[in-house]
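Student: I'd like to ask some things about the structure below.
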Amino acid sequence: MTERSYACEVDDLDDGDTMTVELDGEPVALYRVGDEFFATADTCTHEKWSLGEEGDLDGFEVTCTLHNARFDVRNGKALCFPATVDLRPYSTIVEDGRVYVARAEVSA
């Protein structure tokens with residue numbers, strides 16, 4: 001079983017909201033798009049800036065408000081310059097009204 005950490009209650013985030021939570025001492029950005037939850041590393045890969053606290057979520061894209069780098073919250077992929085390095089993705093699990101975050105499974 002994958003180790004997971006409690007992030008928040010489902011009702012703590014409205015559609016389009018973001019927040020920063022912690023997993024094993026690392027900041028993780030949590031995003032809500034409709035009824036789905038996604039998570040990536042919190043810090044923009046271009047410059048140190050919190051995406052969970054300062055990012056702008058529009059659909060499945062989060063924009064770093066420092067220099068407008070964009071990432072896909074579903075997989076952490078960098079979508080435009082100045083970001084060229086992807087964000088680390090995390091798995092989310094929703095169970096009994098609670099959202100949990102876990103390290104994403106890596107496929108070979």
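Scheme for the structure tokens: letters A, B, ... for chains in order shown; per-chain residue numbers from 1; ligand numbers from 1 in order shown.
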Could you list, as JSON, numbers by chain, every residue within 12 Å of Leu13 of chain A, counting only C-alpha atoms and ignoring same-chain residues fewer than 3 positions away?

Tutor: {"A": [7, 8, 9, 10, 16, 17, 18, 19, 20, 30, 31, 32, 33, 34, 35, 36, 37, 38, 52, 97, 98, 99]}

Student: Those selected residues, please, written with N, CA, C and O atoms and delivered as a compact mmCIF listing (two decimals), in the first residue's frame.

Tutor:
# COMPACT_ATOMS: atom_id res chain seq x y z
N ALA A 7 -4.26 15.63 3.65
CA ALA A 7 -4.04 16.98 3.12
C ALA A 7 -5.10 17.94 3.62
O ALA A 7 -4.78 19.01 4.14
N CYS A 8 -6.38 17.58 3.43
CA CYS A 8 -7.46 18.48 3.82
C CYS A 8 -8.80 17.75 3.69
O CYS A 8 -8.85 16.62 3.20
N GLU A 9 -9.86 18.42 4.09
CA GLU A 9 -11.21 17.93 3.84
C GLU A 9 -11.59 18.34 2.42
O GLU A 9 -11.14 19.38 1.92
N VAL A 10 -12.43 17.56 1.76
CA VAL A 10 -12.88 17.88 0.40
C VAL A 10 -13.46 19.29 0.35
O VAL A 10 -13.19 20.05 -0.58
N GLY A 16 -11.32 25.30 -8.51
CA GLY A 16 -10.40 26.36 -8.91
C GLY A 16 -9.48 26.85 -7.81
O GLY A 16 -8.64 27.71 -8.04
N ASP A 17 -9.62 26.29 -6.60
CA ASP A 17 -8.77 26.70 -5.48
C ASP A 17 -7.50 25.87 -5.42
O ASP A 17 -7.44 24.74 -5.91
N THR A 18 -6.49 26.46 -4.78
CA THR A 18 -5.21 25.79 -4.55
C THR A 18 -4.80 25.99 -3.10
O THR A 18 -5.29 26.91 -2.43
N MET A 19 -3.92 25.14 -2.62
CA MET A 19 -3.35 25.31 -1.28
C MET A 19 -2.04 24.54 -1.22
O MET A 19 -1.77 23.69 -2.08
N THR A 20 -1.23 24.84 -0.23
CA THR A 20 0.00 24.12 -0.01
C THR A 20 -0.17 23.22 1.21
O THR A 20 -0.66 23.67 2.24
N LEU A 30 -1.70 21.55 -3.85
CA LEU A 30 -2.91 20.77 -4.05
C LEU A 30 -3.89 21.65 -4.83
O LEU A 30 -4.06 22.83 -4.51
N TYR A 31 -4.51 21.06 -5.86
CA TYR A 31 -5.41 21.81 -6.75
C TYR A 31 -6.75 21.09 -6.83
O TYR A 31 -6.79 19.86 -6.89
N ARG A 32 -7.83 21.87 -6.90
CA ARG A 32 -9.15 21.27 -7.15
C ARG A 32 -9.68 21.77 -8.48
O ARG A 32 -9.79 22.99 -8.70
N VAL A 33 -10.01 20.83 -9.37
CA VAL A 33 -10.62 21.15 -10.66
C VAL A 33 -11.91 20.34 -10.73
O VAL A 33 -11.88 19.12 -10.84
N GLY A 34 -13.04 21.03 -10.59
CA GLY A 34 -14.33 20.33 -10.51
C GLY A 34 -14.35 19.48 -9.26
O GLY A 34 -14.09 19.96 -8.15
N ASP A 35 -14.61 18.19 -9.43
CA ASP A 35 -14.62 17.27 -8.30
C ASP A 35 -13.32 16.48 -8.19
O ASP A 35 -13.23 15.54 -7.41
N GLU A 36 -12.31 16.86 -8.97
CA GLU A 36 -11.04 16.15 -8.96
C GLU A 36 -9.98 16.94 -8.22
O GLU A 36 -9.98 18.17 -8.22
N PHE A 37 -9.05 16.22 -7.61
CA PHE A 37 -7.93 16.82 -6.89
C PHE A 37 -6.63 16.35 -7.53
O PHE A 37 -6.49 15.18 -7.88
N PHE A 38 -5.69 17.27 -7.66
CA PHE A 38 -4.38 16.98 -8.24
C PHE A 38 -3.32 17.57 -7.33
O PHE A 38 -3.58 18.53 -6.59
N GLY A 52 1.05 26.62 -4.79
CA GLY A 52 -0.13 26.40 -3.97
C GLY A 52 -0.64 27.67 -3.31
O GLY A 52 -1.84 27.85 -3.14
N GLY A 97 -14.62 11.82 2.38
CA GLY A 97 -14.63 13.27 2.49
C GLY A 97 -13.29 13.90 2.80
O GLY A 97 -13.21 15.09 3.08
N ARG A 98 -12.24 13.12 2.76
CA ARG A 98 -10.90 13.62 3.04
C ARG A 98 -10.01 13.42 1.82
O ARG A 98 -10.15 12.47 1.08
N VAL A 99 -9.05 14.34 1.65
CA VAL A 99 -8.10 14.26 0.55
C VAL A 99 -6.74 13.89 1.13
O VAL A 99 -6.28 14.51 2.09

Student: Quick check for you: according to DSSP on this backbone, which residues of chain A are classed as helix (DSSP H, G or I)? Reply as a PyMOL selection string.

Tutor: chain A and resi 10-12+51-54

Student: Set the distance at 9 Å and use only C-alpha atoms: which residues neighbour Ser50 of chain A once local chain neighbours fewer than 3 positions away are removed? I'd like the list as a ChimeraX atom specification.

Tutor: /A:20,27,29,42-44,53-55,64

Student: Please produce a file of the residues just selected, as a short mmCIF file (atom, residue, chain, number, x, y, z; two decimals), in the first residue's frame, where the atoms kept are N, CA, C and O atoms.

Tutor:
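Final file, part-v4.cif:
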data_model
loop_
_atom_site.label_atom_id
_atom_site.label_comp_id
_atom_site.auth_asym_id
_atom_site.auth_seq_id
_atom_site.Cartn_x
_atom_site.Cartn_y
_atom_site.Cartn_z
N THR A 20 -1.23 24.84 -0.23
CA THR A 20 0.00 24.12 -0.01
C THR A 20 -0.17 23.22 1.21
O THR A 20 -0.66 23.67 2.24
N PRO A 27 6.90 20.72 0.73
CA PRO A 27 5.67 21.40 0.33
C PRO A 27 5.12 20.82 -0.96
O PRO A 27 5.86 20.55 -1.91
N ALA A 29 1.77 21.33 -3.71
CA ALA A 29 0.62 22.15 -4.12
C ALA A 29 -0.54 21.21 -4.41
O ALA A 29 -0.40 20.21 -5.11
N ASP A 42 5.31 21.93 -4.92
CA ASP A 42 4.77 23.28 -4.72
C ASP A 42 5.62 24.37 -5.37
O ASP A 42 5.10 25.40 -5.78
N THR A 43 6.91 24.15 -5.51
CA THR A 43 7.82 25.21 -5.93
C THR A 43 8.01 25.19 -7.45
O THR A 43 8.38 24.17 -8.02
N CYS A 44 7.78 26.33 -8.09
CA CYS A 44 8.00 26.48 -9.52
C CYS A 44 9.44 26.08 -9.85
O CYS A 44 10.36 26.43 -9.12
N GLU A 53 0.28 28.56 -2.96
CA GLU A 53 -0.10 29.81 -2.30
C GLU A 53 -0.23 30.97 -3.27
O GLU A 53 -1.06 31.86 -3.09
N GLU A 54 0.61 31.01 -4.30
CA GLU A 54 0.67 32.16 -5.20
C GLU A 54 0.28 31.84 -6.65
O GLU A 54 0.23 32.73 -7.48
N GLY A 55 0.06 30.56 -6.96
CA GLY A 55 -0.26 30.18 -8.34
C GLY A 55 -1.68 30.56 -8.72
O GLY A 55 -2.55 30.73 -7.87
N CYS A 64 2.52 30.23 -12.63
CA CYS A 64 3.34 30.85 -11.60
C CYS A 64 3.23 32.36 -11.81
O CYS A 64 3.58 32.87 -12.88
#

Student: Counting only C-alpha atoms, which of A:Ala41, A:Ala102, A:Thr92, A:Val28 gets nearest to Lys77 of chain A?

Tutor: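 Once distances to Lys77 of chain A are computed over only C-alpha atoms, the minimum belongs to A:Ala41.
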
Student: When distances are computed from only C-alpha atoms, which of A:Glu47, A:Asp24, A:Glu95, A:Asp58 shows the smallest separation from Phe81 of chain A?

Tutor: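 Going through A:Glu47, A:Asp24, A:Glu95, A:Asp58 one by one, the smallest distance to Phe81 of chain A is for A:Glu47.
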
Student: Could you check which of A:Val101, A:Asp86, A:Glu22, A:Asp96 is closest to Val73 of chain A, using only C-alpha atoms?

Tutor: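 Of all the options, A:Asp86 lies closest to Val73 of chain A.
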
Student: Looking only at strand (DSSP E) from DSSP on the backbone, list the matching residues of segment 56-90 of chain A as a count of residues only.

Tutor: 11

Student: Set the distance at 12 Å and use only C-alpha atoms: which residues neighbour Thr45 of chain A once local chain neighbours fewer than 2 positions away are removed? I'd like the list as number ranges by chain.

Tutor: A: 40-43, 47-51, 63-64, 66-71, 76-88

Student: Emit the selected residues as a short mmCIF file (atom, residue, chain, number, x, y, z; two decimals), in the first residue's frame, including N, CA and C atoms.

Tutor:
data_model
loop_
_atom_site.label_atom_id
_atom_site.label_comp_id
_atom_site.auth_asym_id
_atom_site.auth_seq_id
_atom_site.Cartn_x
_atom_site.Cartn_y
_atom_site.Cartn_z
N THR A 40 1.13 18.51 -7.12
CA THR A 40 2.48 18.55 -7.68
C THR A 40 3.41 19.15 -6.63
N ALA A 41 4.70 19.10 -6.92
CA ALA A 41 5.64 19.85 -6.09
C ALA A 41 5.16 21.29 -6.04
N ASP A 42 5.31 21.93 -4.92
CA ASP A 42 4.77 23.28 -4.72
C ASP A 42 5.62 24.37 -5.37
N THR A 43 6.91 24.15 -5.51
CA THR A 43 7.82 25.21 -5.93
C THR A 43 8.01 25.19 -7.45
N GLU A 47 11.82 29.45 -10.84
CA GLU A 47 12.32 30.21 -9.69
C GLU A 47 11.54 29.79 -8.48
N LYS A 48 12.10 29.97 -7.32
CA LYS A 48 11.44 29.53 -6.10
C LYS A 48 10.21 30.40 -5.82
N TRP A 49 9.04 29.83 -6.10
CA TRP A 49 7.77 30.54 -5.92
C TRP A 49 6.71 29.49 -5.65
N SER A 50 5.88 29.70 -4.65
CA SER A 50 4.86 28.72 -4.27
C SER A 50 3.69 28.73 -5.25
N LEU A 51 3.41 27.58 -5.84
CA LEU A 51 2.26 27.46 -6.74
C LEU A 51 0.97 27.25 -5.95
N THR A 63 -0.53 28.72 -13.32
CA THR A 63 0.46 29.70 -13.76
C THR A 63 1.20 30.23 -12.55
N CYS A 64 2.52 30.23 -12.63
CA CYS A 64 3.34 30.85 -11.60
C CYS A 64 3.23 32.36 -11.81
N LEU A 66 4.96 34.69 -10.68
CA LEU A 66 6.21 35.44 -10.67
C LEU A 66 6.68 35.77 -12.09
N HIS A 67 6.72 34.75 -12.97
CA HIS A 67 7.20 34.96 -14.35
C HIS A 67 6.33 34.29 -15.40
N ASN A 68 5.12 33.88 -15.02
CA ASN A 68 4.12 33.31 -15.94
C ASN A 68 4.46 31.95 -16.53
N ALA A 69 5.29 31.17 -15.87
CA ALA A 69 5.49 29.78 -16.29
C ALA A 69 4.18 29.04 -16.03
N ARG A 70 3.85 28.09 -16.92
CA ARG A 70 2.61 27.32 -16.76
C ARG A 70 2.92 25.83 -16.70
N PHE A 71 2.10 25.11 -15.92
CA PHE A 71 2.26 23.67 -15.74
C PHE A 71 0.90 23.01 -15.79
N GLY A 76 2.22 17.50 -14.01
CA GLY A 76 3.38 18.34 -13.68
C GLY A 76 4.17 18.85 -14.86
N LYS A 77 3.74 18.57 -16.09
CA LYS A 77 4.49 18.96 -17.28
C LYS A 77 4.58 20.48 -17.41
N ALA A 78 5.80 20.96 -17.69
CA ALA A 78 6.00 22.39 -17.98
C ALA A 78 5.40 22.67 -19.35
N LEU A 79 4.58 23.72 -19.46
CA LEU A 79 3.87 24.01 -20.70
C LEU A 79 4.44 25.17 -21.49
N CYS A 80 5.24 26.01 -20.85
CA CYS A 80 5.79 27.15 -21.58
C CYS A 80 7.03 27.70 -20.88
N PHE A 81 7.82 28.42 -21.65
CA PHE A 81 8.98 29.13 -21.14
C PHE A 81 8.49 30.21 -20.17
N PRO A 82 9.15 30.50 -19.10
CA PRO A 82 10.53 30.19 -18.80
C PRO A 82 10.75 28.83 -18.12
N ALA A 83 9.69 28.10 -17.78
CA ALA A 83 9.89 26.79 -17.17
C ALA A 83 10.23 25.75 -18.23
N THR A 84 11.29 25.01 -17.99
CA THR A 84 11.69 23.94 -18.91
C THR A 84 11.76 22.60 -18.19
N VAL A 85 11.63 22.61 -16.88
CA VAL A 85 11.69 21.40 -16.06
C VAL A 85 10.29 21.14 -15.49
N ASP A 86 9.83 19.90 -15.60
CA ASP A 86 8.52 19.52 -15.09
C ASP A 86 8.50 19.54 -13.56
N LEU A 87 7.30 19.67 -13.01
CA LEU A 87 7.08 19.55 -11.58
C LEU A 87 6.92 18.07 -11.23
N ARG A 88 7.31 17.69 -10.05
CA ARG A 88 7.08 16.32 -9.59
C ARG A 88 5.58 16.15 -9.32
#
